[in-house]
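input_11.pdb follows; it contains PDB, C-alpha atoms and all ligand atoms.
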```
ATOM      1  CA  MET P   1       2.743  -4.864  -1.656  1.00  0.00           C
ATOM      2  CA  LYS P   2      -0.597  -5.104   0.082  1.00  0.00           C
ATOM      3  CA  TRP P   3      -2.091  -2.075   1.828  1.00  0.00           C
ATOM      4  CA  TYR P   4      -3.973  -2.658   5.068  1.00  0.00           C
ATOM      5  CA  LYS P   5      -6.528  -0.159   6.326  1.00  0.00           C
ATOM      6  CA  ILE P   6      -5.937   0.546  10.002  1.00  0.00           C
ATOM      7  CA  THR P   7      -9.190   0.566  11.891  1.00  0.00           C
ATOM      8  CA  GLY P   8      -9.893   2.245  15.204  1.00  0.00           C
ATOM      9  CA  ILE P   9      -7.707   5.294  14.606  1.00  0.00           C
ATOM     10  CA  GLN P  10      -8.223   8.338  12.435  1.00  0.00           C
ATOM     11  CA  ASN P  11      -5.603  10.470  10.777  1.00  0.00           C
ATOM     12  CA  THR P  12      -4.682  13.245  13.197  1.00  0.00           C
ATOM     13  CA  ASP P  13      -1.999  15.872  13.699  1.00  0.00           C
ATOM     14  CA  LYS P  14      -1.903  15.083  17.410  1.00  0.00           C
ATOM     15  CA  PRO P  15       1.004  12.944  18.666  1.00  0.00           C
ATOM     16  CA  PHE P  16       0.236   9.317  19.487  1.00  0.00           C
ATOM     17  CA  ILE P  17       1.805   5.871  19.821  1.00  0.00           C
ATOM     18  CA  THR P  18      -0.336   2.782  19.508  1.00  0.00           C
ATOM     19  CA  LYS P  19      -0.155  -0.858  18.486  1.00  0.00           C
ATOM     20  CA  VAL P  20      -2.232  -1.965  15.503  1.00  0.00           C
ATOM     21  CA  LYS P  21      -2.507  -4.993  13.227  1.00  0.00           C
ATOM     22  CA  ALA P  22      -1.702  -4.833   9.520  1.00  0.00           C
ATOM     23  CA  GLY P  23      -2.448  -8.294   8.178  1.00  0.00           C
ATOM     24  CA  ARG P  24      -0.680 -10.583  10.638  1.00  0.00           C
ATOM     25  CA  LYS P  25       1.972  -8.010  11.603  1.00  0.00           C
ATOM     26  CA  ASN P  26       1.951  -6.151  14.905  1.00  0.00           C
ATOM     27  CA  ILE P  27       2.764  -2.571  14.053  1.00  0.00           C
ATOM     28  CA  CYS P  28       3.796   0.323  16.267  1.00  0.00           C
ATOM     29  CA  LEU P  29       2.016   3.294  14.696  1.00  0.00           C
ATOM     30  CA  VAL P  30       3.413   6.679  15.691  1.00  0.00           C
ATOM     31  CA  GLY P  31       2.054  10.144  14.998  1.00  0.00           C
ATOM     32  CA  PHE P  32       4.832  12.683  15.323  1.00  0.00           C
ATOM     33  CA  GLU P  33       4.885  16.291  14.098  1.00  0.00           C
ATOM     34  CA  GLY P  34       2.012  15.708  11.671  1.00  0.00           C
ATOM     35  CA  GLN P  35       3.531  12.578  10.100  1.00  0.00           C
ATOM     36  CA  ILE P  36       2.526   8.983  10.720  1.00  0.00           C
ATOM     37  CA  TYR P  37       5.172   6.267  10.914  1.00  0.00           C
ATOM     38  CA  ALA P  38       4.800   2.490  11.036  1.00  0.00           C
ATOM     39  CA  LEU P  39       7.437   0.269  12.628  1.00  0.00           C
ATOM     40  CA  SER P  40       7.528  -3.297  13.845  1.00  0.00           C
ATOM     41  CA  SER P  41       6.219  -3.272  17.401  1.00  0.00           C
ATOM     42  CA  VAL P  42       8.938  -5.714  18.495  1.00  0.00           C
ATOM     43  CA  CYS P  43      12.182  -4.201  19.731  1.00  0.00           C
ATOM     44  CA  PRO P  44      15.109  -6.004  18.060  1.00  0.00           C
ATOM     45  CA  HIS P  45      17.180  -5.824  21.250  1.00  0.00           C
ATOM     46  CA  ALA P  46      15.134  -8.058  23.556  1.00  0.00           C
ATOM     47  CA  GLY P  47      11.591  -8.070  22.241  1.00  0.00           C
ATOM     48  CA  ALA P  48       9.894  -5.298  24.187  1.00  0.00           C
ATOM     49  CA  ASP P  49       6.728  -3.751  22.796  1.00  0.00           C
ATOM     50  CA  LEU P  50       7.843  -0.472  21.216  1.00  0.00           C
ATOM     51  CA  SER P  51       4.265   0.832  21.273  1.00  0.00           C
ATOM     52  CA  GLU P  52       4.711   1.145  25.051  1.00  0.00           C
ATOM     53  CA  GLY P  53       7.705   3.415  24.533  1.00  0.00           C
ATOM     54  CA  LEU P  54       8.149   7.148  24.129  1.00  0.00           C
ATOM     55  CA  CYS P  55       8.730   9.321  21.122  1.00  0.00           C
ATOM     56  CA  VAL P  56      11.551  11.849  21.450  1.00  0.00           C
ATOM     57  CA  LYS P  57      13.002  14.005  18.650  1.00  0.00           C
ATOM     58  CA  GLY P  58      11.897  11.722  15.811  1.00  0.00           C
ATOM     59  CA  LYS P  59      12.912   8.523  17.575  1.00  0.00           C
ATOM     60  CA  ILE P  60      10.984   5.822  19.372  1.00  0.00           C
ATOM     61  CA  VAL P  61      12.500   5.020  22.754  1.00  0.00           C
ATOM     62  CA  CYS P  62      12.125   1.411  23.877  1.00  0.00           C
ATOM     63  CA  PRO P  63      10.441   1.066  27.276  1.00  0.00           C
ATOM     64  CA  TYR P  64      12.873  -1.660  28.502  1.00  0.00           C
ATOM     65  CA  HIS P  65      16.453  -0.517  28.003  1.00  0.00           C
ATOM     66  CA  ARG P  66      15.900   2.864  26.310  1.00  0.00           C
ATOM     67  CA  TYR P  67      17.424   1.957  22.954  1.00  0.00           C
ATOM     68  CA  THR P  68      16.256   4.399  20.280  1.00  0.00           C
ATOM     69  CA  TYR P  69      15.140   3.879  16.685  1.00  0.00           C
ATOM     70  CA  ASN P  70      14.628   6.495  14.000  1.00  0.00           C
ATOM     71  CA  LEU P  71      10.933   6.673  13.101  1.00  0.00           C
ATOM     72  CA  ALA P  72      11.561   7.168   9.378  1.00  0.00           C
ATOM     73  CA  THR P  73      14.444   4.742   8.775  1.00  0.00           C
ATOM     74  CA  GLY P  74      14.281   2.334  11.725  1.00  0.00           C
ATOM     75  CA  LYS P  75      18.017   2.820  12.270  1.00  0.00           C
ATOM     76  CA  GLY P  76      19.180   2.256  15.820  1.00  0.00           C
ATOM     77  CA  GLY P  77      20.885   4.956  17.832  1.00  0.00           C
ATOM     78  CA  GLU P  78      24.627   5.481  17.915  1.00  0.00           C
ATOM     79  CA  GLY P  79      26.505   2.359  18.998  1.00  0.00           C
ATOM     80  CA  GLN P  80      23.491   0.050  18.773  1.00  0.00           C
ATOM     81  CA  ASN P  81      24.257  -1.482  15.356  1.00  0.00           C
ATOM     82  CA  ASP P  82      20.674  -2.606  14.880  1.00  0.00           C
ATOM     83  CA  PHE P  83      17.439  -1.455  13.322  1.00  0.00           C
ATOM     84  CA  VAL P  84      13.717  -1.996  13.492  1.00  0.00           C
ATOM     85  CA  LYS P  85      11.650  -2.776  10.375  1.00  0.00           C
ATOM     86  CA  THR P  86       9.673   0.162   9.029  1.00  0.00           C
ATOM     87  CA  TYR P  87       6.623   0.093   6.769  1.00  0.00           C
ATOM     88  CA  PRO P  88       5.201   2.658   4.339  1.00  0.00           C
ATOM     89  CA  VAL P  89       2.138   4.620   5.394  1.00  0.00           C
ATOM     90  CA  THR P  90      -0.384   6.347   3.165  1.00  0.00           C
ATOM     91  CA  ILE P  91      -3.508   8.346   3.940  1.00  0.00           C
ATOM     92  CA  LYS P  92      -6.620   8.068   1.745  1.00  0.00           C
ATOM     93  CA  ASN P  93      -9.856   9.849   2.628  1.00  0.00           C
ATOM     94  CA  ASP P  94      -8.429  10.508   6.100  1.00  0.00           C
ATOM     95  CA  GLU P  95      -7.935   6.778   6.690  1.00  0.00           C
ATOM     96  CA  ILE P  96      -4.532   5.296   7.469  1.00  0.00           C
ATOM     97  CA  TYR P  97      -3.087   2.436   5.407  1.00  0.00           C
ATOM     98  CA  VAL P  98       0.114   0.491   6.100  1.00  0.00           C
ATOM     99  CA  GLY P  99       1.887  -1.362   3.285  1.00  0.00           C
ATOM    100  CA  ILE P 100       3.260  -4.839   3.889  1.00  0.00           C
ATOM    101  CA  SER P 101       5.458  -6.576   1.335  1.00  0.00           C
ATOM    102  CA  SER P 102       5.220 -10.330   0.956  1.00  0.00           C
ATOM    103  CA  LEU P 103       8.300 -12.517   0.521  1.00  0.00           C
ATOM    104  CA  TRP P 104       7.348 -12.745  -3.155  1.00  0.00           C
ATOM    105  CA  ASP P 105       7.324  -8.935  -3.394  1.00  0.00           C
ATOM    106  CA  ARG P 106      10.728  -8.718  -1.752  1.00  0.00           C
ATOM    107  CA  LEU P 107      12.255 -11.381  -4.004  1.00  0.00           C
ATOM    108  CA  PHE P 108      10.745 -10.377  -7.326  1.00  0.00           C
ATOM    109  CA  GLY P 109       9.431  -6.832  -6.814  1.00  0.00           C
ATOM    110  CA  SER P 110       5.822  -5.803  -6.440  1.00  0.00           C
ATOM    111  CA  LYS P 111       3.608  -4.366  -9.131  1.00  0.00           C
TER     112      LYS P 111
HETATM  113  S1  LIG P 201      14.198  -4.609  24.645  1.00  0.00           S
HETATM  114 FE1  LIG P 201      14.225  -2.702  23.638  1.00  0.00          FE
HETATM  115  S2  LIG P 201      16.064  -1.789  24.262  1.00  0.00           S
HETATM  116 FE2  LIG P 201      16.090  -3.706  25.213  1.00  0.00          FE
END
```

Please render this file's structure as structure tokens.
Amino acid sequence: MKWYKITGIQNTDKPFITKVKAGRKNICLVGFEGQIYALSSVCPHAGADLSEGLCVKGKIVCPYHRYTYNLATGKGGEGQNDFVKTYPVTIKNDEIYVGISSLWDRLFGSK
């Protein structure tokens, strides 16, 4: 797994939703109740930008059709039968890093 430092945003306890790049991935970065979550910014339903959505009770709400996805697991709301990809987040020296696994990592495990 490769960790990408996210520039242009500092670790904060304040709530936020923004779109960032981690490598070549577009990530929806969400600050909610003192935790930071990283999800794919592309809604699996019809491709809306989740970083333009809302955050309600630990879920991101898509701006197009209001589908919801759990910030921690990416699991879609009841009856949706879908999910959005989530990524690990770590904080070092008050800087935010998002971990992206390569295909190699996923097939053979990362070290
Ligand atoms: S595009 Fe996100 S719910 Fe439809």

Please return the centre and edge lengths, in Å to one decimal, of a box with edges along x, y and z that contains all listed atoms of ligand LIG 201 (chain P), widened by 4 Å on every side, as JSON.
```
{"center_x": 15.1, "center_y": -3.2, "center_z": 24.4, "size_x": 9.9, "size_y": 10.8, "size_z": 9.6}
```

Report task. Give me the residues within 9 Å of P:Thr73 as a list in words, counting only C-alpha atoms and dropping any in the same chain fewer than 3 places off. Result ->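 Neighbouring residues, sequence-local ones excluded: Tyr69, Asn70, Gly76, Phe83, Val84, Lys85 and Thr86 of chain P.
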
Considering only C-alpha atoms and all ligand atoms, tabulate each residue of chain P that lies at most 7 Å from ligand LIG 201 (chain P) along with its nearest interatomic pair and the corresponding distance in Å to one decimal; arrange the rows by chain and ascending residue number and present them as CSV.
```
residue,atom,partner,partner_atom,distance
P:Cys43,CA,P:LIG201,FE1,4.7
P:Pro44,CA,P:LIG201,FE1,6.5
P:His45,CA,P:LIG201,FE2,4.6
P:Ala46,CA,P:LIG201,S1,3.7
P:Gly47,CA,P:LIG201,S1,5.0
P:Ala48,CA,P:LIG201,S1,4.4
P:Cys62,CA,P:LIG201,FE1,4.6
P:Pro63,CA,P:LIG201,FE1,6.5
P:Tyr64,CA,P:LIG201,S1,5.0
P:His65,CA,P:LIG201,S2,4.0
P:Arg66,CA,P:LIG201,S2,5.1
P:Tyr67,CA,P:LIG201,S2,4.2
```

Requested in this report: Skip P:Leu39 itself and residues of its chain fewer than 3 positions away, then list as a PyMOL selection string all residues within 10 Å of it, counting all atoms listed in the file.
Outcome: chain P and resi 19+25-30+42-43+50-51+60+69-74+84-89+98

Report task. Considering all atoms listed in the file, state which residue in the set P:Gly23, P:Gly99, P:Gly34, P:Pro15 is at the smallest distance from P:Cys55. Result -> P:Pro15

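Our summary of the geometry notes that atom CA of P:Glu95 is positioned 15.4 Å from atom CA of P:Thr18.
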
**Report entry** Radius query 6 Å about (-0.9, 13.1, 14.5), atoms used: all atoms listed in the file, as JSON, numbers by chain
**Finding:** {"P": [12, 13, 14, 15, 31, 32, 34]}

Query raised in the report: What gap, in Å, lies between atom CA of P:Tyr4 and atom CA of P:Tyr37?
Result: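 Spanning atom CA of P:Tyr4 to atom CA of P:Tyr37 is a straight-line distance of 14.1 Å.
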
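Taking atom CA of P:Leu103 and atom CA of P:Gly77 as the two end points, the separation is 27.6 Å.
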
Query raised in the report: Between P:Ser101, P:Thr68, P:Ser40, P:Thr90, which is the closest to P:Val20 once you count all atoms listed in the file?
Result: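 Ranking P:Ser101, P:Thr68, P:Ser40, P:Thr90 by distance to P:Val20, first place goes to P:Ser40.
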
Query raised in the report: Looking at P:Met1, P:Leu107, P:Ala22, P:Ile17, which one is nearest to P:Val61, with distances taken over all atoms listed in the file?
Result: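 Closest to P:Val61, using all atoms listed in the file: P:Ile17.
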
Query raised in the report: Looking at all atoms listed in the file, which of P:Gly79, P:Ile96, P:Gly58, P:Lys21 is the one that sits closest to P:Ile9?
Result: P:Ile96

Requested in this report: Tell me which of P:Asp49, P:Arg24, P:Leu54, P:Ile91 sits closest to P:Asn11, counting all atoms listed in the file.
Outcome: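 Counting all atoms listed in the file, the residue closest to P:Asn11 is P:Ile91.
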
Return as a PDB file with C-alpha atoms, in the coordinates of the input the set of residues that the PyMOL selection byres (((chain P and resi 6) around 6) and not hetatm) yields on the displayed structure.
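Result saved to out-v4.pdb:
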```
ATOM      1  CA  LYS P   5      -6.528  -0.159   6.326  1.00  0.00           C
ATOM      2  CA  THR P   7      -9.190   0.566  11.891  1.00  0.00           C
ATOM      3  CA  ILE P  96      -4.532   5.296   7.469  1.00  0.00           C
ATOM      4  CA  TYR P  97      -3.087   2.436   5.407  1.00  0.00           C
TER       5      TYR P  97
END
```

Query raised in the report: Which one is closest to P:Ile100: P:Phe16, P:Ala38, P:Glu33, P:Glu78? Count all atoms listed in the file.
Result: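 Of all the options, P:Ala38 lies closest to P:Ile100.
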
Could I see stretch 56-67 of chain P restored to all heavy atoms, set down as a PDB file, in the frame of the given file?
```
ATOM      1  N   VAL P  56      10.742  10.677  21.133  1.00  0.00           N
ATOM      2  CA  VAL P  56      11.551  11.849  21.450  1.00  0.00           C
ATOM      3  C   VAL P  56      12.370  12.238  20.224  1.00  0.00           C
ATOM      4  O   VAL P  56      13.144  11.419  19.705  1.00  0.00           O
ATOM      5  CB  VAL P  56      12.507  11.564  22.633  1.00  0.00           C
ATOM      6  CG1 VAL P  56      13.373  12.777  22.936  1.00  0.00           C
ATOM      7  CG2 VAL P  56      11.733  11.144  23.872  1.00  0.00           C
ATOM      8  N   LYS P  57      12.194  13.460  19.754  1.00  0.00           N
ATOM      9  CA  LYS P  57      13.002  14.005  18.650  1.00  0.00           C
ATOM     10  C   LYS P  57      13.069  13.071  17.451  1.00  0.00           C
ATOM     11  O   LYS P  57      14.148  12.784  16.922  1.00  0.00           O
ATOM     12  CB  LYS P  57      14.421  14.320  19.134  1.00  0.00           C
ATOM     13  CG  LYS P  57      14.447  15.394  20.201  1.00  0.00           C
ATOM     14  CD  LYS P  57      15.858  15.705  20.623  1.00  0.00           C
ATOM     15  CE  LYS P  57      15.880  16.747  21.728  1.00  0.00           C
ATOM     16  NZ  LYS P  57      17.180  16.956  22.314  1.00  0.00           N
ATOM     17  N   GLY P  58      11.929  12.559  17.019  1.00  0.00           N
ATOM     18  CA  GLY P  58      11.897  11.722  15.811  1.00  0.00           C
ATOM     19  C   GLY P  58      12.353  10.300  16.021  1.00  0.00           C
ATOM     20  O   GLY P  58      12.594   9.573  15.061  1.00  0.00           O
ATOM     21  N   LYS P  59      12.484   9.896  17.287  1.00  0.00           N
ATOM     22  CA  LYS P  59      12.912   8.523  17.575  1.00  0.00           C
ATOM     23  C   LYS P  59      11.949   7.883  18.552  1.00  0.00           C
ATOM     24  O   LYS P  59      11.432   8.549  19.459  1.00  0.00           O
ATOM     25  CB  LYS P  59      14.323   8.514  18.160  1.00  0.00           C
ATOM     26  CG  LYS P  59      15.354   9.011  17.173  1.00  0.00           C
ATOM     27  CD  LYS P  59      16.726   9.020  17.780  1.00  0.00           C
ATOM     28  CE  LYS P  59      17.707   9.516  16.719  1.00  0.00           C
ATOM     29  NZ  LYS P  59      19.050   9.597  17.213  1.00  0.00           N
ATOM     30  N   ILE P  60      11.749   6.567  18.376  1.00  0.00           N
ATOM     31  CA  ILE P  60      10.984   5.822  19.372  1.00  0.00           C
ATOM     32  C   ILE P  60      11.988   5.321  20.402  1.00  0.00           C
ATOM     33  O   ILE P  60      13.076   4.874  20.046  1.00  0.00           O
ATOM     34  CB  ILE P  60      10.186   4.657  18.729  1.00  0.00           C
ATOM     35  CG1 ILE P  60       9.253   4.001  19.737  1.00  0.00           C
ATOM     36  CG2 ILE P  60      11.082   3.609  18.108  1.00  0.00           C
ATOM     37  CD1 ILE P  60       7.880   4.531  19.734  1.00  0.00           C
ATOM     38  N   VAL P  61      11.627   5.453  21.662  1.00  0.00           N
ATOM     39  CA  VAL P  61      12.500   5.020  22.754  1.00  0.00           C
ATOM     40  C   VAL P  61      11.881   3.777  23.376  1.00  0.00           C
ATOM     41  O   VAL P  61      10.736   3.802  23.842  1.00  0.00           O
ATOM     42  CB  VAL P  61      12.643   6.128  23.831  1.00  0.00           C
ATOM     43  CG1 VAL P  61      13.584   5.679  24.942  1.00  0.00           C
ATOM     44  CG2 VAL P  61      13.126   7.429  23.203  1.00  0.00           C
ATOM     45  N   CYS P  62      12.632   2.683  23.355  1.00  0.00           N
ATOM     46  CA  CYS P  62      12.125   1.411  23.877  1.00  0.00           C
ATOM     47  C   CYS P  62      11.866   1.521  25.381  1.00  0.00           C
ATOM     48  O   CYS P  62      12.690   2.085  26.118  1.00  0.00           O
ATOM     49  CB  CYS P  62      13.128   0.304  23.596  1.00  0.00           C
ATOM     50  SG  CYS P  62      12.577  -1.296  24.217  1.00  0.00           S
ATOM     51  N   PRO P  63      10.755   0.956  25.846  1.00  0.00           N
ATOM     52  CA  PRO P  63      10.441   1.066  27.276  1.00  0.00           C
ATOM     53  C   PRO P  63      11.346   0.218  28.177  1.00  0.00           C
ATOM     54  O   PRO P  63      11.416   0.469  29.376  1.00  0.00           O
ATOM     55  CB  PRO P  63       8.989   0.578  27.357  1.00  0.00           C
ATOM     56  CG  PRO P  63       8.836  -0.348  26.198  1.00  0.00           C
ATOM     57  CD  PRO P  63       9.703   0.242  25.112  1.00  0.00           C
ATOM     58  N   TYR P  64      12.058  -0.791  27.630  1.00  0.00           N
ATOM     59  CA  TYR P  64      12.873  -1.660  28.502  1.00  0.00           C
ATOM     60  C   TYR P  64      14.244  -1.084  28.802  1.00  0.00           C
ATOM     61  O   TYR P  64      14.591  -0.828  29.944  1.00  0.00           O
ATOM     62  CB  TYR P  64      13.042  -3.038  27.864  1.00  0.00           C
ATOM     63  CG  TYR P  64      11.895  -3.988  28.069  1.00  0.00           C
ATOM     64  CD1 TYR P  64      10.645  -3.552  28.486  1.00  0.00           C
ATOM     65  CD2 TYR P  64      12.057  -5.347  27.829  1.00  0.00           C
ATOM     66  CE1 TYR P  64       9.592  -4.427  28.642  1.00  0.00           C
ATOM     67  CE2 TYR P  64      11.006  -6.226  27.986  1.00  0.00           C
ATOM     68  CZ  TYR P  64       9.782  -5.771  28.394  1.00  0.00           C
ATOM     69  OH  TYR P  64       8.751  -6.649  28.544  1.00  0.00           O
ATOM     70  N   HIS P  65      15.056  -0.917  27.774  1.00  0.00           N
ATOM     71  CA  HIS P  65      16.453  -0.517  28.003  1.00  0.00           C
ATOM     72  C   HIS P  65      16.791   0.808  27.324  1.00  0.00           C
ATOM     73  O   HIS P  65      17.953   1.148  27.192  1.00  0.00           O
ATOM     74  CB  HIS P  65      17.403  -1.610  27.501  1.00  0.00           C
ATOM     75  CG  HIS P  65      17.064  -2.970  28.008  1.00  0.00           C
ATOM     76  ND1 HIS P  65      16.460  -3.937  27.219  1.00  0.00           N
ATOM     77  CD2 HIS P  65      17.207  -3.524  29.244  1.00  0.00           C
ATOM     78  CE1 HIS P  65      16.259  -5.031  27.939  1.00  0.00           C
ATOM     79  NE2 HIS P  65      16.695  -4.802  29.163  1.00  0.00           N
ATOM     80  N   ARG P  66      15.762   1.503  26.861  1.00  0.00           N
ATOM     81  CA  ARG P  66      15.900   2.864  26.310  1.00  0.00           C
ATOM     82  C   ARG P  66      16.696   2.948  25.013  1.00  0.00           C
ATOM     83  O   ARG P  66      17.225   4.010  24.692  1.00  0.00           O
ATOM     84  CB  ARG P  66      16.495   3.821  27.348  1.00  0.00           C
ATOM     85  CG  ARG P  66      15.750   3.837  28.660  1.00  0.00           C
ATOM     86  CD  ARG P  66      14.412   4.488  28.518  1.00  0.00           C
ATOM     87  NE  ARG P  66      13.726   4.538  29.814  1.00  0.00           N
ATOM     88  CZ  ARG P  66      12.427   4.445  29.960  1.00  0.00           C
ATOM     89  NH1 ARG P  66      11.650   4.314  28.917  1.00  0.00           N
ATOM     90  NH2 ARG P  66      11.872   4.499  31.135  1.00  0.00           N
ATOM     91  N   TYR P  67      16.844   1.841  24.288  1.00  0.00           N
ATOM     92  CA  TYR P  67      17.424   1.957  22.954  1.00  0.00           C
ATOM     93  C   TYR P  67      16.493   2.839  22.127  1.00  0.00           C
ATOM     94  O   TYR P  67      15.284   2.874  22.372  1.00  0.00           O
ATOM     95  CB  TYR P  67      17.536   0.590  22.275  1.00  0.00           C
ATOM     96  CG  TYR P  67      18.718  -0.242  22.692  1.00  0.00           C
ATOM     97  CD1 TYR P  67      19.330  -0.080  23.920  1.00  0.00           C
ATOM     98  CD2 TYR P  67      19.224  -1.222  21.841  1.00  0.00           C
ATOM     99  CE1 TYR P  67      20.414  -0.866  24.292  1.00  0.00           C
ATOM    100  CE2 TYR P  67      20.300  -2.004  22.206  1.00  0.00           C
ATOM    101  CZ  TYR P  67      20.886  -1.828  23.423  1.00  0.00           C
ATOM    102  OH  TYR P  67      21.955  -2.606  23.798  1.00  0.00           O
TER     103      TYR P  67
END
```
